[in-house]
Amino acid sequence: MLTRKQHELLMFIHERLKESGIPPSFDEMKEALDLASKSGIHRLITALEERGFIRRLPNRARALEVLRLPDSIAPGLNAARKFSPSVIQGSLGQGGIGRQIKPAPSRMRAAGNDDDVVATVSIPVMGRIAAGVPIDAIQHQTHSISVPPDMITGGTHYALEVKGDSMIEAGIFDGDTVIIRNADTAQPGEIIVALVDEEEATLKRFRRKGASIALEAANPAYETRIFGPDRVKVQGKLVGLIRRY
């Protein structure tokens with residue numbers, strides 16, 4: 001039996017993972033539940049973990065996985081499957097995908113030996129993106145990677161290799177490859193590719209500060225940077241990531 005706050009936090013984490021594949025930060029959880037401090041979030045997460053609803057992923061800063069939902073929300077489903085974020089573990093640039101994803105029958109194709117294999121979508125890798133101090137703007141295509149169709153929503157997509165640690169509390173680490181949907185606008189709280197002064201590109205959370213734009217890191221070691229609206233252009237939104245181990 002969950003308390004009201006435990007239930008609210010579990011559903012908030014679940015919805016955020018379902019939307020973006022990335023767990024919310026402690027600040028976002030604190031704000032969503034209207035708590036005064038992060039210590040309350042720590043207690044709620046510990047309680048959910050002890051009850052088997054979530055787990056903290058090892059060696060990943062504040063990364064969370066929802067293991068099950070209350071039966072009142074998903075009766076009969078918890079025993080059949082576990083929810084997992086859209087993080088693909090595999091060998092980048094080698095056409096391989098670490099974990100198998102079973103798509104709908106329409107996404108299956110027959111191989112030469114009549115075995116079913118997962119159809120994938122090829123998207124271009126457009127160089128590196130800074131998760132730290134901004135670096136040179138997005139490069140031209142360097143190579144392509146294959147991703148599951150479920151990671152691709154409507155629109156044009158591309159991938160970028162992450163360099164830096166400014167987004168670790170959002171579950172994005174140095175060496176990850178992020179999947180970006182091309183877009184020129186964003187809503188506050190979304191993680192975007194931002195082009196600063198037409199020459200620097202960075203991966204940050206989009207915020208508004210009055211008439212200005214704030215690019216917010218997910219690492220307390222980095223300061224939020226404030227820019228005039230004419231200095232920042234949205235180049236795309238984060239929709240998933242691939243991690244190689």
# chains A, B, ... in the order shown; residues from 1 in each chain; ligands from 1
$ residues_around --residues "segment 128-132 of chain A" --least-positions-apart "2" --cutoff "10 Å" --atoms "only C-alpha atoms" --output "ChimeraX atom specification"
/A:125-126,134-139,142,159-168,172-175,177-178,193-194,200-204,217-219,221-223
$ write_last_selection --atoms "N, CA and C atoms" --output "JSON list (two decimals), in the first residue's frame"
[["chain", "number", "residue", "atom", "x", "y", "z"],
["A", 125, "VAL", "N", 24.41, 10.20, -37.84],
["A", 125, "VAL", "CA", 25.09, 10.75, -36.67],
["A", 125, "VAL", "C", 25.80, 12.02, -37.14],
["A", 126, "MET", "N", 25.44, 13.14, -36.52],
["A", 126, "MET", "CA", 25.91, 14.45, -36.98],
["A", 126, "MET", "C", 27.01, 15.02, -36.10],
["A", 134, "PRO", "N", 29.71, 24.61, -24.15],
["A", 134, "PRO", "CA", 29.39, 24.46, -25.57],
["A", 134, "PRO", "C", 30.63, 24.30, -26.44],
["A", 135, "ILE", "N", 30.49, 23.46, -27.48],
["A", 135, "ILE", "CA", 31.58, 23.25, -28.43],
["A", 135, "ILE", "C", 31.11, 23.72, -29.80],
["A", 136, "ASP", "N", 31.93, 23.49, -30.81],
["A", 136, "ASP", "CA", 31.56, 23.90, -32.16],
["A", 136, "ASP", "C", 30.20, 23.37, -32.55],
["A", 137, "ALA", "N", 29.54, 24.09, -33.44],
["A", 137, "ALA", "CA", 28.20, 23.72, -33.86],
["A", 137, "ALA", "C", 28.19, 22.34, -34.52],
["A", 138, "ILE", "N", 26.98, 21.79, -34.65],
["A", 138, "ILE", "CA", 26.80, 20.45, -35.18],
["A", 138, "ILE", "C", 27.53, 20.28, -36.50],
["A", 139, "GLN", "N", 28.25, 19.16, -36.61],
["A", 139, "GLN", "CA", 29.03, 18.90, -37.80],
["A", 139, "GLN", "C", 28.17, 18.27, -38.88],
["A", 142, "THR", "N", 28.69, 12.04, -39.94],
["A", 142, "THR", "CA", 29.92, 11.27, -39.82],
["A", 142, "THR", "C", 29.68, 9.80, -40.16],
["A", 159, "ALA", "N", 21.25, 11.81, -34.82],
["A", 159, "ALA", "CA", 21.90, 11.41, -33.57],
["A", 159, "ALA", "C", 23.15, 12.25, -33.35],
["A", 160, "LEU", "N", 23.51, 12.41, -32.08],
["A", 160, "LEU", "CA", 24.72, 13.14, -31.69],
["A", 160, "LEU", "C", 25.42, 12.38, -30.57],
["A", 161, "GLU", "N", 26.73, 12.37, -30.60],
["A", 161, "GLU", "CA", 27.50, 11.72, -29.55],
["A", 161, "GLU", "C", 27.76, 12.74, -28.44],
["A", 162, "VAL", "N", 27.47, 12.36, -27.20],
["A", 162, "VAL", "CA", 27.55, 13.27, -26.06],
["A", 162, "VAL", "C", 28.99, 13.36, -25.55],
["A", 163, "LYS", "N", 29.43, 14.57, -25.31],
["A", 163, "LYS", "CA", 30.74, 14.80, -24.70],
["A", 163, "LYS", "C", 30.54, 15.68, -23.47],
["A", 164, "GLY", "N", 30.90, 15.17, -22.29],
["A", 164, "GLY", "CA", 30.77, 15.96, -21.07],
["A", 164, "GLY", "C", 29.79, 15.34, -20.09],
["A", 165, "ASP", "N", 29.69, 15.95, -18.92],
["A", 165, "ASP", "CA", 28.91, 15.37, -17.82],
["A", 165, "ASP", "C", 27.88, 16.33, -17.23],
["A", 166, "SER", "N", 27.50, 17.36, -17.97],
["A", 166, "SER", "CA", 26.60, 18.34, -17.38],
["A", 166, "SER", "C", 25.16, 17.87, -17.28],
["A", 167, "MET", "N", 24.82, 16.71, -17.90],
["A", 167, "MET", "CA", 23.43, 16.23, -17.87],
["A", 167, "MET", "C", 23.30, 14.89, -17.17],
["A", 168, "ILE", "N", 24.24, 14.58, -16.27],
["A", 168, "ILE", "CA", 24.24, 13.25, -15.65],
["A", 168, "ILE", "C", 23.02, 13.02, -14.76],
["A", 172, "ILE", "N", 21.99, 11.23, -18.68],
["A", 172, "ILE", "CA", 22.74, 11.34, -19.93],
["A", 172, "ILE", "C", 24.22, 11.46, -19.59],
["A", 173, "PHE", "N", 25.03, 10.53, -20.09],
["A", 173, "PHE", "CA", 26.42, 10.45, -19.68],
["A", 173, "PHE", "C", 27.38, 10.64, -20.85],
["A", 174, "ASP", "N", 28.61, 10.99, -20.51],
["A", 174, "ASP", "CA", 29.66, 11.13, -21.50],
["A", 174, "ASP", "C", 29.79, 9.83, -22.30],
["A", 175, "GLY", "N", 29.76, 9.93, -23.62],
["A", 175, "GLY", "CA", 29.86, 8.75, -24.47],
["A", 175, "GLY", "C", 28.53, 8.22, -24.97],
["A", 177, "THR", "N", 24.96, 8.25, -26.99],
["A", 177, "THR", "CA", 24.49, 8.82, -28.25],
["A", 177, "THR", "C", 23.02, 9.18, -28.08],
["A", 178, "VAL", "N", 22.70, 10.46, -28.27],
["A", 178, "VAL", "CA", 21.33, 10.92, -28.09],
["A", 178, "VAL", "C", 20.60, 10.95, -29.43],
["A", 193, "VAL", "N", 18.74, 20.46, -28.16],
["A", 193, "VAL", "CA", 20.00, 20.88, -28.77],
["A", 193, "VAL", "C", 19.86, 22.37, -29.04],
["A", 194, "ALA", "N", 20.70, 23.16, -28.39],
["A", 194, "ALA", "CA", 20.65, 24.61, -28.53],
["A", 194, "ALA", "C", 21.86, 25.11, -29.29],
["A", 200, "GLU", "N", 28.02, 27.77, -31.39],
["A", 200, "GLU", "CA", 28.23, 26.78, -30.34],
["A", 200, "GLU", "C", 26.96, 25.95, -30.18],
["A", 201, "ALA", "N", 27.15, 24.64, -30.00],
["A", 201, "ALA", "CA", 26.01, 23.75, -29.78],
["A", 201, "ALA", "C", 26.15, 23.08, -28.42],
["A", 202, "THR", "N", 25.03, 22.94, -27.72],
["A", 202, "THR", "CA", 25.05, 22.31, -26.40],
["A", 202, "THR", "C", 23.74, 21.59, -26.15],
["A", 203, "LEU", "N", 23.78, 20.56, -25.31],
["A", 203, "LEU", "CA", 22.60, 19.81, -24.91],
["A", 203, "LEU", "C", 22.22, 20.25, -23.50],
["A", 204, "LYS", "N", 21.09, 20.89, -23.36],
["A", 204, "LYS", "CA", 20.67, 21.42, -22.07],
["A", 204, "LYS", "C", 19.15, 21.39, -21.95],
["A", 217, "ALA", "N", 21.74, 23.06, -16.86],
["A", 217, "ALA", "CA", 22.44, 21.78, -16.75],
["A", 217, "ALA", "C", 21.73, 20.89, -15.74],
["A", 218, "ALA", "N", 22.04, 19.58, -15.80],
["A", 218, "ALA", "CA", 21.53, 18.63, -14.82],
["A", 218, "ALA", "C", 22.72, 18.08, -14.03],
["A", 219, "ASN", "N", 23.51, 19.00, -13.52],
["A", 219, "ASN", "CA", 24.69, 18.69, -12.73],
["A", 219, "ASN", "C", 25.01, 19.94, -11.93],
["A", 221, "ALA", "N", 27.49, 21.04, -10.66],
["A", 221, "ALA", "CA", 28.81, 21.62, -10.91],
["A", 221, "ALA", "C", 28.77, 22.67, -12.02],
["A", 222, "TYR", "N", 27.65, 22.73, -12.75],
["A", 222, "TYR", "CA", 27.54, 23.66, -13.87],
["A", 222, "TYR", "C", 26.46, 24.69, -13.58],
["A", 223, "GLU", "N", 26.71, 25.91, -13.96],
["A", 223, "GLU", "CA", 25.75, 26.98, -13.75],
["A", 223, "GLU", "C", 24.76, 27.05, -14.90]]
$ atom_distance --atom1 "atom CA of His7 of chain A" --atom2 "atom CA of Gly21 of chain A"
19.6 Å
$ residues_around --residues "Glu216 of chain A" --least-positions-apart "6" --cutoff "7 Å" --atoms "only C-alpha atoms" --output "list in words"
Lys204, Arg205, Phe206, Thr224 and Arg225 of chain A
$ write_last_selection --atoms "N, CA, C and O atoms" --output "compact mmCIF listing (two decimals), in the first residue's frame"
# COMPACT_ATOMS: atom_id res chain seq x y z
N LYS A 204 21.09 20.89 -23.36
CA LYS A 204 20.67 21.42 -22.07
C LYS A 204 19.15 21.39 -21.95
O LYS A 204 18.44 21.23 -22.93
N ARG A 205 18.68 21.63 -20.72
CA ARG A 205 17.24 21.74 -20.49
C ARG A 205 16.80 23.17 -20.77
O ARG A 205 17.44 24.13 -20.31
N PHE A 206 15.73 23.31 -21.51
CA PHE A 206 15.23 24.62 -21.94
C PHE A 206 14.34 25.23 -20.86
O PHE A 206 13.41 24.59 -20.36
N THR A 224 23.54 27.49 -14.60
CA THR A 224 22.57 27.78 -15.65
C THR A 224 23.02 29.02 -16.40
O THR A 224 23.41 30.02 -15.79
N ARG A 225 22.99 28.98 -17.71
CA ARG A 225 23.43 30.11 -18.54
C ARG A 225 22.21 30.82 -19.11
O ARG A 225 21.28 30.17 -19.61
$ residues_around --residues "Phe53 of chain A" --least-positions-apart "3" --cutoff "6 Å" --atoms "only C-alpha atoms" --output "list in words"
Leu48, Glu49, Leu67 and Arg68 of chain A
$ residues_around --residues "segment 207-213 of chain A" --least-positions-apart "6" --cutoff "7 Å" --atoms "only C-alpha atoms" --output "compact mmCIF listing (two decimals) with N, CA and C atoms, in the first residue's frame"
# COMPACT_ATOMS: atom_id res chain seq x y z
N PRO A 188 9.20 24.70 -21.95
CA PRO A 188 10.05 24.72 -20.76
C PRO A 188 10.16 23.33 -20.11
N GLY A 189 11.37 22.95 -19.78
CA GLY A 189 11.61 21.66 -19.16
C GLY A 189 12.10 20.61 -20.14
N ILE A 226 22.19 32.13 -19.03
CA ILE A 226 21.07 32.95 -19.48
C ILE A 226 21.47 33.71 -20.74
N PHE A 227 20.59 33.68 -21.74
CA PHE A 227 20.87 34.35 -23.01
C PHE A 227 19.66 35.15 -23.45
N GLY A 228 19.91 36.19 -24.23
CA GLY A 228 18.82 36.88 -24.90
C GLY A 228 18.18 35.96 -25.92
N PRO A 229 16.89 36.14 -26.20
CA PRO A 229 16.18 35.21 -27.10
C PRO A 229 16.76 35.17 -28.50
$ residues_around --residues "Val121 of chain A" --least-positions-apart "4" --cutoff "10 Å" --atoms "only C-alpha atoms" --output "PyMOL selection string"
chain A and resi 144-152
$ closest_residue --among "A:Lys5, A:Lys18, A:Lys30, A:Arg231" --to "Asp197 of chain A" --atoms "only C-alpha atoms"
A:Arg231
$ decode --residues "segment 155-170 of chain A" --atoms "all heavy atoms" --output "PDB file, in the first residue's frame"
ATOM      1  N   GLY A 155       8.494  13.056 -37.925  1.00  0.00           N
ATOM      2  CA  GLY A 155       9.473  14.098 -38.184  1.00  0.00           C
ATOM      3  C   GLY A 155      10.835  13.537 -38.546  1.00  0.00           C
ATOM      4  O   GLY A 155      11.028  12.336 -38.701  1.00  0.00           O
ATOM      5  N   THR A 156      11.797  14.449 -38.709  1.00  0.00           N
ATOM      6  CA  THR A 156      13.161  14.100 -39.076  1.00  0.00           C
ATOM      7  C   THR A 156      14.007  13.920 -37.825  1.00  0.00           C
ATOM      8  O   THR A 156      13.902  14.696 -36.879  1.00  0.00           O
ATOM      9  CB  THR A 156      13.782  15.204 -39.952  1.00  0.00           C
ATOM     10  OG1 THR A 156      12.960  15.387 -41.110  1.00  0.00           O
ATOM     11  CG2 THR A 156      15.188  14.832 -40.398  1.00  0.00           C
ATOM     12  N   HIS A 157      14.847  12.895 -37.811  1.00  0.00           N
ATOM     13  CA  HIS A 157      15.667  12.591 -36.646  1.00  0.00           C
ATOM     14  C   HIS A 157      17.136  12.506 -37.019  1.00  0.00           C
ATOM     15  O   HIS A 157      17.483  12.188 -38.156  1.00  0.00           O
ATOM     16  CB  HIS A 157      15.238  11.270 -36.011  1.00  0.00           C
ATOM     17  CG  HIS A 157      13.872  11.293 -35.415  1.00  0.00           C
ATOM     18  ND1 HIS A 157      12.728  11.312 -36.181  1.00  0.00           N
ATOM     19  CD2 HIS A 157      13.460  11.307 -34.115  1.00  0.00           C
ATOM     20  CE1 HIS A 157      11.670  11.340 -35.386  1.00  0.00           C
ATOM     21  NE2 HIS A 157      12.081  11.327 -34.133  1.00  0.00           N
ATOM     22  N   TYR A 158      17.987  12.782 -36.040  1.00  0.00           N
ATOM     23  CA  TYR A 158      19.424  12.585 -36.188  1.00  0.00           C
ATOM     24  C   TYR A 158      20.002  12.233 -34.824  1.00  0.00           C
ATOM     25  O   TYR A 158      19.313  12.304 -33.802  1.00  0.00           O
ATOM     26  CB  TYR A 158      20.107  13.833 -36.774  1.00  0.00           C
ATOM     27  CG  TYR A 158      19.937  15.104 -35.969  1.00  0.00           C
ATOM     28  CD1 TYR A 158      20.872  15.486 -35.019  1.00  0.00           C
ATOM     29  CD2 TYR A 158      18.846  15.948 -36.173  1.00  0.00           C
ATOM     30  CE1 TYR A 158      20.734  16.656 -34.286  1.00  0.00           C
ATOM     31  CE2 TYR A 158      18.695  17.122 -35.467  1.00  0.00           C
ATOM     32  CZ  TYR A 158      19.644  17.475 -34.518  1.00  0.00           C
ATOM     33  OH  TYR A 158      19.503  18.631 -33.797  1.00  0.00           O
ATOM     34  N   ALA A 159      21.247  11.813 -34.820  1.00  0.00           N
ATOM     35  CA  ALA A 159      21.899  11.407 -33.574  1.00  0.00           C
ATOM     36  C   ALA A 159      23.150  12.248 -33.352  1.00  0.00           C
ATOM     37  O   ALA A 159      23.775  12.726 -34.301  1.00  0.00           O
ATOM     38  CB  ALA A 159      22.265   9.925 -33.621  1.00  0.00           C
ATOM     39  N   LEU A 160      23.514  12.410 -32.083  1.00  0.00           N
ATOM     40  CA  LEU A 160      24.720  13.140 -31.693  1.00  0.00           C
ATOM     41  C   LEU A 160      25.417  12.384 -30.574  1.00  0.00           C
ATOM     42  O   LEU A 160      24.766  11.828 -29.690  1.00  0.00           O
ATOM     43  CB  LEU A 160      24.374  14.555 -31.207  1.00  0.00           C
ATOM     44  CG  LEU A 160      23.812  15.518 -32.251  1.00  0.00           C
ATOM     45  CD1 LEU A 160      23.201  16.735 -31.578  1.00  0.00           C
ATOM     46  CD2 LEU A 160      24.891  15.951 -33.242  1.00  0.00           C
ATOM     47  N   GLU A 161      26.729  12.365 -30.601  1.00  0.00           N
ATOM     48  CA  GLU A 161      27.504  11.724 -29.545  1.00  0.00           C
ATOM     49  C   GLU A 161      27.758  12.742 -28.435  1.00  0.00           C
ATOM     50  O   GLU A 161      28.210  13.852 -28.696  1.00  0.00           O
ATOM     51  CB  GLU A 161      28.817  11.189 -30.114  1.00  0.00           C
ATOM     52  CG  GLU A 161      28.587  10.080 -31.143  1.00  0.00           C
ATOM     53  CD  GLU A 161      29.872   9.644 -31.832  1.00  0.00           C
ATOM     54  OE1 GLU A 161      30.916  10.318 -31.629  1.00  0.00           O
ATOM     55  OE2 GLU A 161      29.828   8.650 -32.580  1.00  0.00           O
ATOM     56  N   VAL A 162      27.468  12.358 -27.203  1.00  0.00           N
ATOM     57  CA  VAL A 162      27.552  13.274 -26.063  1.00  0.00           C
ATOM     58  C   VAL A 162      28.989  13.355 -25.547  1.00  0.00           C
ATOM     59  O   VAL A 162      29.645  12.337 -25.344  1.00  0.00           O
ATOM     60  CB  VAL A 162      26.615  12.816 -24.931  1.00  0.00           C
ATOM     61  CG1 VAL A 162      26.794  13.685 -23.693  1.00  0.00           C
ATOM     62  CG2 VAL A 162      25.168  12.843 -25.397  1.00  0.00           C
ATOM     63  N   LYS A 163      29.432  14.571 -25.306  1.00  0.00           N
ATOM     64  CA  LYS A 163      30.739  14.802 -24.703  1.00  0.00           C
ATOM     65  C   LYS A 163      30.540  15.676 -23.473  1.00  0.00           C
ATOM     66  O   LYS A 163      30.037  16.797 -23.577  1.00  0.00           O
ATOM     67  CB  LYS A 163      31.691  15.483 -25.688  1.00  0.00           C
ATOM     68  CG  LYS A 163      33.089  15.735 -25.116  1.00  0.00           C
ATOM     69  CD  LYS A 163      34.010  16.323 -26.170  1.00  0.00           C
ATOM     70  CE  LYS A 163      35.384  16.647 -25.576  1.00  0.00           C
ATOM     71  NZ  LYS A 163      36.066  15.440 -25.060  1.00  0.00           N
ATOM     72  N   GLY A 164      30.900  15.169 -22.291  1.00  0.00           N
ATOM     73  CA  GLY A 164      30.766  15.959 -21.073  1.00  0.00           C
ATOM     74  C   GLY A 164      29.785  15.341 -20.093  1.00  0.00           C
ATOM     75  O   GLY A 164      29.114  14.346 -20.379  1.00  0.00           O
ATOM     76  N   ASP A 165      29.692  15.948 -18.917  1.00  0.00           N
ATOM     77  CA  ASP A 165      28.907  15.369 -17.818  1.00  0.00           C
ATOM     78  C   ASP A 165      27.882  16.330 -17.231  1.00  0.00           C
ATOM     79  O   ASP A 165      27.410  16.128 -16.118  1.00  0.00           O
ATOM     80  CB  ASP A 165      29.846  14.891 -16.710  1.00  0.00           C
ATOM     81  CG  ASP A 165      30.665  16.015 -16.082  1.00  0.00           C
ATOM     82  OD1 ASP A 165      30.572  17.171 -16.559  1.00  0.00           O
ATOM     83  OD2 ASP A 165      31.415  15.742 -15.128  1.00  0.00           O
ATOM     84  N   SER A 166      27.499  17.357 -17.967  1.00  0.00           N
ATOM     85  CA  SER A 166      26.597  18.343 -17.375  1.00  0.00           C
ATOM     86  C   SER A 166      25.159  17.865 -17.279  1.00  0.00           C
ATOM     87  O   SER A 166      24.338  18.507 -16.625  1.00  0.00           O
ATOM     88  CB  SER A 166      26.628  19.651 -18.185  1.00  0.00           C
ATOM     89  OG  SER A 166      25.951  19.494 -19.420  1.00  0.00           O
ATOM     90  N   MET A 167      24.822  16.709 -17.898  1.00  0.00           N
ATOM     91  CA  MET A 167      23.433  16.231 -17.874  1.00  0.00           C
ATOM     92  C   MET A 167      23.303  14.892 -17.168  1.00  0.00           C
ATOM     93  O   MET A 167      22.354  14.148 -17.382  1.00  0.00           O
ATOM     94  CB  MET A 167      22.897  16.122 -19.314  1.00  0.00           C
ATOM     95  CG  MET A 167      22.874  17.434 -20.069  1.00  0.00           C
ATOM     96  SD  MET A 167      21.863  18.716 -19.255  1.00  0.00           S
ATOM     97  CE  MET A 167      20.220  18.052 -19.498  1.00  0.00           C
ATOM     98  N   ILE A 168      24.237  14.584 -16.271  1.00  0.00           N
ATOM     99  CA  ILE A 168      24.240  13.254 -15.653  1.00  0.00           C
ATOM    100  C   ILE A 168      23.024  13.020 -14.763  1.00  0.00           C
ATOM    101  O   ILE A 168      22.552  11.897 -14.645  1.00  0.00           O
ATOM    102  CB  ILE A 168      25.544  12.991 -14.867  1.00  0.00           C
ATOM    103  CG1 ILE A 168      25.752  14.053 -13.785  1.00  0.00           C
ATOM    104  CG2 ILE A 168      26.724  12.916 -15.794  1.00  0.00           C
ATOM    105  CD1 ILE A 168      26.954  13.767 -12.878  1.00  0.00           C
ATOM    106  N   GLU A 169      22.491  14.057 -14.137  1.00  0.00           N
ATOM    107  CA  GLU A 169      21.321  13.866 -13.273  1.00  0.00           C
ATOM    108  C   GLU A 169      20.045  13.670 -14.089  1.00  0.00           C
ATOM    109  O   GLU A 169      18.997  13.334 -13.539  1.00  0.00           O
ATOM    110  CB  GLU A 169      21.169  15.029 -12.295  1.00  0.00           C
ATOM    111  CG  GLU A 169      22.269  15.050 -11.240  1.00  0.00           C
ATOM    112  CD  GLU A 169      21.983  16.023 -10.109  1.00  0.00           C
ATOM    113  OE1 GLU A 169      20.900  16.643 -10.114  1.00  0.00           O
ATOM    114  OE2 GLU A 169      22.849  16.168  -9.226  1.00  0.00           O
ATOM    115  N   ALA A 170      20.136  13.870 -15.401  1.00  0.00           N
ATOM    116  CA  ALA A 170      19.033  13.543 -16.300  1.00  0.00           C
ATOM    117  C   ALA A 170      19.266  12.181 -16.951  1.00  0.00           C
ATOM    118  O   ALA A 170      18.529  11.785 -17.849  1.00  0.00           O
ATOM    119  CB  ALA A 170      18.884  14.617 -17.376  1.00  0.00           C
TER     120      ALA A 170
END
